[in-house]
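Asker: The structure file start.csv (CSV, C-alpha atoms) is provided below.
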```
chain,number,residue,atom,x,y,z
L,1,MET,CA,0.0,0.0,0.0
L,2,ARG,CA,1.3,3.4,-0.9
L,3,THR,CA,2.2,5.5,2.1
L,4,PRO,CA,0.6,9.0,1.9
L,5,PRO,CA,3.0,11.9,1.9
L,6,VAL,CA,3.5,13.6,5.3
L,7,GLU,CA,2.8,17.3,5.1
L,8,ALA,CA,5.6,19.4,6.4
L,9,ALA,CA,4.8,21.5,9.5
L,10,PRO,CA,4.5,25.2,8.6
L,11,LEU,CA,7.8,27.0,9.4
L,12,GLU,CA,8.0,29.9,11.8
L,13,PRO,CA,9.2,33.0,10.0
L,14,HIS,CA,12.9,33.6,10.4
L,15,PRO,CA,13.6,37.0,11.9
L,16,THR,CA,15.5,38.0,8.7
L,17,THR,CA,12.4,37.3,6.6
L,18,LEU,CA,10.1,39.6,8.6
L,19,ILE,CA,9.4,43.0,7.2
L,20,GLY,CA,11.0,45.4,9.6
L,21,SER,CA,8.9,48.5,8.7
L,22,VAL,CA,5.7,46.5,9.4
L,23,GLN,CA,7.1,45.5,12.8
L,24,ARG,CA,8.0,49.1,13.6
L,25,ALA,CA,4.6,50.4,12.5
L,26,MET,CA,2.9,47.9,14.7
L,27,ARG,CA,5.0,48.9,17.7
L,28,LEU,CA,3.9,52.5,17.1
L,29,LEU,CA,0.3,51.5,16.9
L,30,GLU,CA,0.5,49.6,20.2
L,31,ALA,CA,2.2,52.6,21.8
L,32,VAL,CA,-0.6,54.9,20.6
L,33,ALA,CA,-3.3,52.5,21.7
L,34,SER,CA,-1.8,52.5,25.2
L,35,ARG,CA,-2.2,56.3,25.5
L,36,GLU,CA,-5.9,57.2,25.8
L,37,HIS,CA,-5.1,60.9,25.7
L,38,GLY,CA,-2.6,60.7,22.9
L,39,ALA,CA,1.1,61.1,22.8
L,40,PRO,CA,3.7,63.2,20.9
L,41,ALA,CA,6.1,61.6,18.4
L,42,LYS,CA,9.1,61.8,20.7
L,43,GLN,CA,7.4,59.8,23.4
L,44,LEU,CA,6.1,57.2,20.9
L,45,ALA,CA,9.5,56.8,19.3
L,46,ARG,CA,11.0,56.2,22.7
L,47,GLU,CA,8.4,53.7,23.8
L,48,ALA,CA,8.7,51.8,20.4
L,49,GLY,CA,12.5,51.9,20.5
L,50,LEU,CA,12.8,53.8,17.3
L,51,ALA,CA,14.9,56.6,16.0
L,52,LEU,CA,12.9,59.8,15.8
L,53,PRO,CA,13.2,60.3,12.0
L,54,THR,CA,12.0,56.7,11.5
L,55,ALA,CA,9.1,57.2,13.9
L,56,TYR,CA,8.1,60.5,12.1
L,57,HIS,CA,8.1,58.7,8.7
L,58,LEU,CA,6.0,55.9,10.0
L,59,LEU,CA,3.6,58.1,11.9
L,60,ARG,CA,3.0,60.3,8.8
L,61,THR,CA,2.3,57.1,6.8
L,62,LEU,CA,-0.1,55.8,9.4
L,63,VAL,CA,-1.9,59.1,9.6
L,64,HIS,CA,-2.2,59.2,5.8
L,65,GLU,CA,-3.7,55.7,5.8
L,66,GLY,CA,-6.2,56.5,8.5
L,67,TYR,CA,-4.8,54.3,11.2
L,68,LEU,CA,-3.7,57.3,13.3
L,69,ARG,CA,-4.9,60.9,13.5
L,70,ARG,CA,-2.9,63.9,14.7
L,71,ASP,CA,-4.3,66.6,16.8
L,72,LYS,CA,-2.3,69.5,18.3
L,73,GLY,CA,0.9,67.5,18.0
L,74,LEU,CA,-0.5,64.4,19.7
L,75,PHE,CA,-1.2,61.1,17.9
L,76,PHE,CA,-4.4,59.1,18.5
L,77,LEU,CA,-5.9,55.9,16.9
L,78,GLY,CA,-7.7,56.7,13.7
L,79,GLU,CA,-10.9,55.5,12.1
L,80,ALA,CA,-9.2,52.6,10.3
L,81,ALA,CA,-7.7,51.2,13.5
L,82,GLU,CA,-11.1,51.6,15.3
L,83,ARG,CA,-12.8,49.7,12.5
L,84,LEU,CA,-10.3,46.8,13.0
L,85,SER,CA,-11.1,46.9,16.7
L,86,SER,CA,-14.8,46.9,16.1
L,87,SER,CA,-14.5,44.0,13.7
L,88,GLY,CA,-12.6,42.0,16.3
L,89,ALA,CA,-15.2,42.7,18.9
L,90,GLN,CA,-17.9,41.6,16.6
L,91,GLN,CA,-16.1,38.3,15.9
L,92,LYS,CA,-15.8,37.8,19.6
L,93,ARG,CA,-19.5,38.4,20.1
L,94,ARG,CA,-20.3,36.0,17.3
L,95,SER,CA,-18.1,33.4,19.0
L,96,THR,CA,-19.9,33.9,22.3
L,97,VAL,CA,-23.3,33.3,20.8
L,98,SER,CA,-22.0,30.3,18.8
L,99,ASP,CA,-20.5,28.8,21.9
L,100,ALA,CA,-23.7,29.3,23.9
L,101,LEU,CA,-25.8,27.7,21.2
L,102,ALA,CA,-23.4,24.7,21.0
L,103,HIS,CA,-23.6,24.3,24.8
L,104,TRP,CA,-27.4,24.3,24.8
L,105,SER,CA,-27.5,21.9,21.8
L,106,ASP,CA,-25.3,19.4,23.7
L,107,SER,CA,-26.9,19.8,27.1
L,108,ILE,CA,-30.6,19.6,25.9
L,109,GLY,CA,-30.0,17.3,22.9
L,110,VAL,CA,-31.7,19.4,20.3
L,111,PRO,CA,-30.6,21.7,17.4
L,112,VAL,CA,-30.6,25.4,18.5
L,113,TYR,CA,-31.1,28.4,16.2
L,114,TYR,CA,-30.6,32.1,16.8
L,115,ALA,CA,-32.4,34.5,14.5
L,116,ILE,CA,-33.2,38.2,14.3
L,117,TYR,CA,-35.6,40.5,12.4
L,118,ARG,CA,-33.6,43.2,10.7
L,119,ASP,CA,-34.5,45.7,8.0
L,120,GLY,CA,-37.7,43.9,7.3
L,121,GLU,CA,-36.1,40.5,6.9
L,122,ILE,CA,-35.9,37.3,8.9
L,123,GLU,CA,-32.2,36.3,9.3
L,124,VAL,CA,-31.0,33.0,10.9
L,125,MET,CA,-27.7,34.1,12.3
L,126,CYS,CA,-26.3,30.9,14.0
L,127,VAL,CA,-27.3,27.2,14.1
L,128,ALA,CA,-25.8,24.6,16.4
L,129,ASP,CA,-26.6,20.9,15.8
L,130,THR,CA,-25.0,17.5,15.9
L,131,PRO,CA,-25.1,14.4,13.6
L,132,GLY,CA,-27.5,12.8,16.0
L,133,ASN,CA,-29.7,15.9,16.3
L,134,PRO,CA,-29.5,17.6,12.9
L,135,ALA,CA,-31.1,21.0,12.1
L,136,VAL,CA,-34.1,21.3,9.9
L,137,GLU,CA,-33.2,21.6,6.2
L,138,GLU,CA,-34.1,24.9,4.7
L,139,TRP,CA,-36.1,23.5,1.9
L,140,ALA,CA,-38.2,26.7,1.5
L,141,ASP,CA,-36.6,30.1,2.0
L,142,PHE,CA,-36.9,31.0,5.7
L,143,ARG,CA,-37.3,34.7,4.9
L,144,GLU,CA,-40.3,34.1,2.7
L,145,THR,CA,-42.0,31.5,4.9
L,146,GLY,CA,-41.9,33.2,8.3
L,147,HIS,CA,-45.6,32.5,8.7
L,148,ALA,CA,-44.9,28.8,8.7
L,149,HIS,CA,-42.1,28.2,11.1
L,150,ALA,CA,-41.7,29.0,14.8
L,151,ILE,CA,-38.7,31.3,14.3
L,152,GLY,CA,-40.7,33.6,11.9
L,153,GLN,CA,-43.9,33.5,14.0
L,154,CYS,CA,-41.9,34.4,17.2
L,155,LEU,CA,-40.1,37.3,15.4
L,156,LEU,CA,-43.4,38.6,13.9
L,157,SER,CA,-45.1,38.4,17.2
L,158,GLN,CA,-42.6,41.0,18.6
L,159,LEU,CA,-43.4,43.5,15.8
L,160,ASP,CA,-46.3,46.1,15.9
L,161,GLU,CA,-49.3,45.6,13.7
L,162,LYS,CA,-48.0,47.9,11.0
L,163,ALA,CA,-44.7,46.0,10.7
L,164,ARG,CA,-46.5,42.7,10.6
L,165,ARG,CA,-48.8,43.7,7.8
L,166,ASP,CA,-45.9,45.2,5.9
L,167,HIS,CA,-44.1,41.9,6.2
L,168,LEU,CA,-47.1,39.9,5.0
L,169,ASP,CA,-47.7,42.3,2.1
L,170,ARG,CA,-44.2,41.3,0.9
L,171,TYR,CA,-44.3,37.6,2.0
L,172,PRO,CA,-48.0,36.6,2.0
L,173,VAL,CA,-49.1,33.4,3.7
L,174,GLN,CA,-48.9,30.3,1.4
L,175,SER,CA,-49.5,26.7,2.1
L,176,ILE,CA,-46.2,24.9,2.9
L,177,THR,CA,-47.6,21.8,4.4
L,178,PRO,CA,-51.2,20.6,5.1
L,179,TYR,CA,-50.7,22.1,8.6
L,180,THR,CA,-49.7,25.6,7.6
L,181,VAL,CA,-51.8,28.5,8.7
L,182,ARG,CA,-54.2,29.3,5.9
L,183,ASP,CA,-54.3,33.1,5.5
L,184,ASN,CA,-52.9,36.4,6.7
L,185,ASP,CA,-55.8,37.2,9.0
L,186,SER,CA,-55.6,33.8,10.7
L,187,LEU,CA,-51.9,34.3,11.3
L,188,LEU,CA,-52.4,37.8,12.6
L,189,ARG,CA,-55.0,36.6,15.1
L,190,ARG,CA,-52.6,33.9,16.3
L,191,LEU,CA,-49.8,36.4,16.7
L,192,ASP,CA,-52.1,38.7,18.8
L,193,ARG,CA,-52.8,35.8,21.1
L,194,THR,CA,-49.1,35.0,21.6
L,195,GLY,CA,-48.0,35.7,25.2
L,196,ARG,CA,-45.1,38.2,25.5
L,197,MET,CA,-42.6,35.7,26.9
L,198,GLU,CA,-44.3,32.5,25.9
L,199,PRO,CA,-42.5,30.0,23.6
L,200,VAL,CA,-44.1,30.0,20.1
L,201,VAL,CA,-44.8,26.4,19.1
L,202,GLU,CA,-45.3,25.1,15.5
L,203,ARG,CA,-46.1,21.5,14.6
L,204,GLN,CA,-45.3,20.4,11.0
L,205,GLU,CA,-46.3,23.8,9.6
L,206,TYR,CA,-42.9,24.3,7.9
L,207,ALA,CA,-41.6,20.7,7.5
L,208,LEU,CA,-43.5,17.5,7.8
L,209,GLY,CA,-42.2,15.3,10.5
L,210,THR,CA,-40.8,18.3,12.5
L,211,VAL,CA,-42.0,20.3,15.5
L,212,CYS,CA,-40.4,23.6,16.6
L,213,ALA,CA,-40.5,26.1,19.5
L,214,ALA,CA,-39.1,29.6,19.6
L,215,ILE,CA,-38.4,31.8,22.6
L,216,PRO,CA,-38.5,35.6,22.3
L,217,ILE,CA,-35.4,37.4,23.4
L,218,THR,CA,-35.9,40.9,25.0
L,219,ALA,CA,-32.6,42.8,24.6
L,220,GLY,CA,-32.6,46.1,22.7
L,221,THR,CA,-35.2,47.1,20.1
L,222,THR,CA,-34.5,44.4,17.6
L,223,ALA,CA,-36.8,41.4,17.5
L,224,ARG,CA,-34.8,38.2,18.3
L,225,THR,CA,-35.4,34.6,19.1
L,226,ILE,CA,-33.6,31.4,20.0
L,227,ALA,CA,-35.4,28.3,18.8
L,228,ILE,CA,-35.2,24.5,18.9
L,229,SER,CA,-36.6,21.7,16.7
L,230,LEU,CA,-37.4,18.0,17.1
L,231,PRO,CA,-38.7,15.1,15.1
L,232,SER,CA,-42.5,15.0,15.4
L,233,HIS,CA,-42.3,11.5,17.1
L,234,GLN,CA,-40.5,13.3,19.9
L,235,ALA,CA,-43.1,16.1,20.2
L,236,ASP,CA,-43.7,15.4,23.9
L,237,ARG,CA,-40.1,16.6,24.5
L,238,LEU,CA,-40.7,20.0,22.8
L,239,LEU,CA,-42.2,22.1,25.6
L,240,PRO,CA,-40.0,20.7,28.4
L,241,ALA,CA,-36.9,21.3,26.2
L,242,ALA,CA,-38.1,24.8,25.4
L,243,ARG,CA,-38.6,25.5,29.1
L,244,GLN,CA,-35.2,24.2,29.9
L,245,LEU,CA,-33.7,26.4,27.2
L,246,GLN,CA,-35.6,29.4,28.5
L,247,SER,CA,-34.2,28.9,31.9
L,248,GLU,CA,-30.7,28.6,30.5
L,249,ILE,CA,-31.1,31.8,28.5
L,250,GLY,CA,-32.4,33.6,31.6
L,251,ARG,CA,-29.2,32.7,33.5
L,252,LEU,CA,-26.9,33.8,30.7
L,253,LEU,CA,-28.9,36.8,29.3
L,254,GLY,CA,-26.8,39.3,31.2
L,255,THR,CA,-23.7,37.9,29.6
L,256,LEU,CA,-25.3,37.6,26.2
L,257,ALA,CA,-27.1,41.0,26.2
L,258,ILE,CA,-24.4,42.6,24.2
L,259,SER,CA,-23.2,39.5,22.3
L,260,ILE,CA,-26.5,38.9,20.6
L,261,SER,CA,-26.3,42.2,18.9
L,262,ILE,CA,-24.4,40.6,16.0
```
Show me this structure written as structure tokens.

Answerer:
Amino acid sequence: MRTPPVEAAPLEPHPTTLIGSVQRAMRLLEAVASREHGAPAKQLAREAGLALPTAYHLLRTLVHEGYLRRDKGLFFLGEAAERLSSSGAQQKRRSTVSDALAHWSDSIGVPVYYAIYRDGEIEVMCVADTPGNPAVEEWADFRETGHAHAIGQCLLSQLDEKARRDHLDRYPVQSITPYTVRDNDSLLRRLDRTGRMEPVVERQEYALGTVCAAIPITAGTTARTIAISLPSHQADRLLPAARQLQSEIGRLLGTLAISISI
């Protein structure tokens, strides 16, 4: 039998292959970032261990590219650097949500979904499942079939009447399965009856053989939900699992309050 080739481990860069100007620029950025109220070039050069002419040249370049800004002889982080910081924070928030969903999926034994209603659209942001508990296949566009699945119904229940009708004007009720709600008015009446913090339950309205429950999330002004699904032959597990998830969310909501704004 032919032995497969062994991939060589990636080599660490040799110091002589590193680009010195990039290293020096990064040291300056770090020095500026540590000074909330700004710092002059001489101080930054000293902290970065650079000759003053080199520091001046790099500082001018960083200002030109938007990574720094200069005000009354002091240097501060610029918009480009702040965008990088914001992007990193957003990735960290996404990771926090994904980790929480994965934990709940493992502990409760169900697929877990996180979705929001933004700019008039239903967006499923994260899904955590396992081979033994797979997520529902999106066989009909979730955005266009919000009336048929628990995620969409939960999000729509958090909107005011005008926003609901606007959504249904763009995505009117249509039969997805024999169990789907039949018309806009029937759906609106159901949404009106939905308790503010009650799980929204849907049984085979989106996918035959599947039942779902969605829990409203009250954090900020954006409609949000965390939902679960189960095969219909396990329907008796749906509400207990939803209650368990709701309890878990309640314990972690303070930690997730910022993270779910992704």

Asker: Which residues come within 9 Å of stretch 121-137 of chain L, counting all atoms listed in the file, excluding same-chain residues fewer than 3 positions away, as number ranges by chain?

Answerer: L: 94, 97-99, 101-106, 109-118, 140, 142-144, 146, 151-152, 155, 167, 207, 210, 228-230, 262

Asker: What is the atom CA of L:Ala235-atom CA of L:Trp139 distance in Å, reported with one decimal?

Answerer: 20.9 Å

Asker: What's the 12 Å shell around L:Ser157, counting only C-alpha atoms, without same-chain residues fewer than 2 positions away, as a compact mmCIF listing (two decimals) with C-alpha atoms, keeping the file's coordinate frame?

Answerer:
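The resulting file, out_13.txt, is shown below:
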```txt
# COMPACT_ATOMS: atom_id res chain seq x y z
CA TYR L 117 -35.60 40.50 12.40
CA GLY L 146 -41.90 33.20 8.30
CA HIS L 147 -45.60 32.50 8.70
CA ALA L 150 -41.70 29.00 14.80
CA ILE L 151 -38.70 31.30 14.30
CA GLY L 152 -40.70 33.60 11.90
CA GLN L 153 -43.90 33.50 14.00
CA CYS L 154 -41.90 34.40 17.20
CA LEU L 155 -40.10 37.30 15.40
CA LEU L 159 -43.40 43.50 15.80
CA ASP L 160 -46.30 46.10 15.90
CA GLU L 161 -49.30 45.60 13.70
CA LYS L 162 -48.00 47.90 11.00
CA ALA L 163 -44.70 46.00 10.70
CA ARG L 164 -46.50 42.70 10.60
CA ARG L 165 -48.80 43.70 7.80
CA HIS L 167 -44.10 41.90 6.20
CA LEU L 187 -51.90 34.30 11.30
CA LEU L 188 -52.40 37.80 12.60
CA ARG L 189 -55.00 36.60 15.10
CA ARG L 190 -52.60 33.90 16.30
CA LEU L 191 -49.80 36.40 16.70
CA ASP L 192 -52.10 38.70 18.80
CA ARG L 193 -52.80 35.80 21.10
CA THR L 194 -49.10 35.00 21.60
CA GLY L 195 -48.00 35.70 25.20
CA ARG L 196 -45.10 38.20 25.50
CA MET L 197 -42.60 35.70 26.90
CA GLU L 198 -44.30 32.50 25.90
CA PRO L 199 -42.50 30.00 23.60
CA VAL L 200 -44.10 30.00 20.10
CA ALA L 214 -39.10 29.60 19.60
CA ILE L 215 -38.40 31.80 22.60
CA PRO L 216 -38.50 35.60 22.30
CA ILE L 217 -35.40 37.40 23.40
CA ALA L 223 -36.80 41.40 17.50
CA ARG L 224 -34.80 38.20 18.30
CA THR L 225 -35.40 34.60 19.10
```

Asker: Which of these residues is nearest to L:Gly120, using all atoms listed in the file: L:Glu79, L:Ala41, L:Thr222, L:Gly209?

Answerer: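 Among the listed residues, the smallest separation from L:Gly120 belongs to L:Thr222.
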
Asker: Rounded to one decimal, what separation in Å do you get between atom CA of L:Arg24 and atom CA of L:Glu36?

Answerer: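 Calculated distance between atom CA of L:Arg24 and atom CA of L:Glu36 is 20.2 Å.
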
Asker: Applying 10 Å and only C-alpha atoms, which residues near L:Gly49 remain after dropping the ones on its own chain fewer than 6 positions away? List them as a list in words.

Answerer: Arg24, Arg27, Leu28, Gln43 and Ala55 of chain L

Asker: Select all residues near (-28.2, 27.2, 28.0) (cut-off 8 Å, inclusive, file coordinates), counting all atoms listed in the file, and output them as a list in words.

Answerer: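 The residues near that point, listed by chain and number, are Ala100, Leu101, His103, Trp104, Ser107, Gln244, Leu245, Gln246, Ser247, Glu248, Ile249, Arg251 and Leu252 of chain L.
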
Asker: I'd like the interatomic distance between atom CA of L:Glu65 and atom CA of L:Val22, to a tenth of an Å.

Answerer: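 Distance between the two atoms: 13.6 Å.
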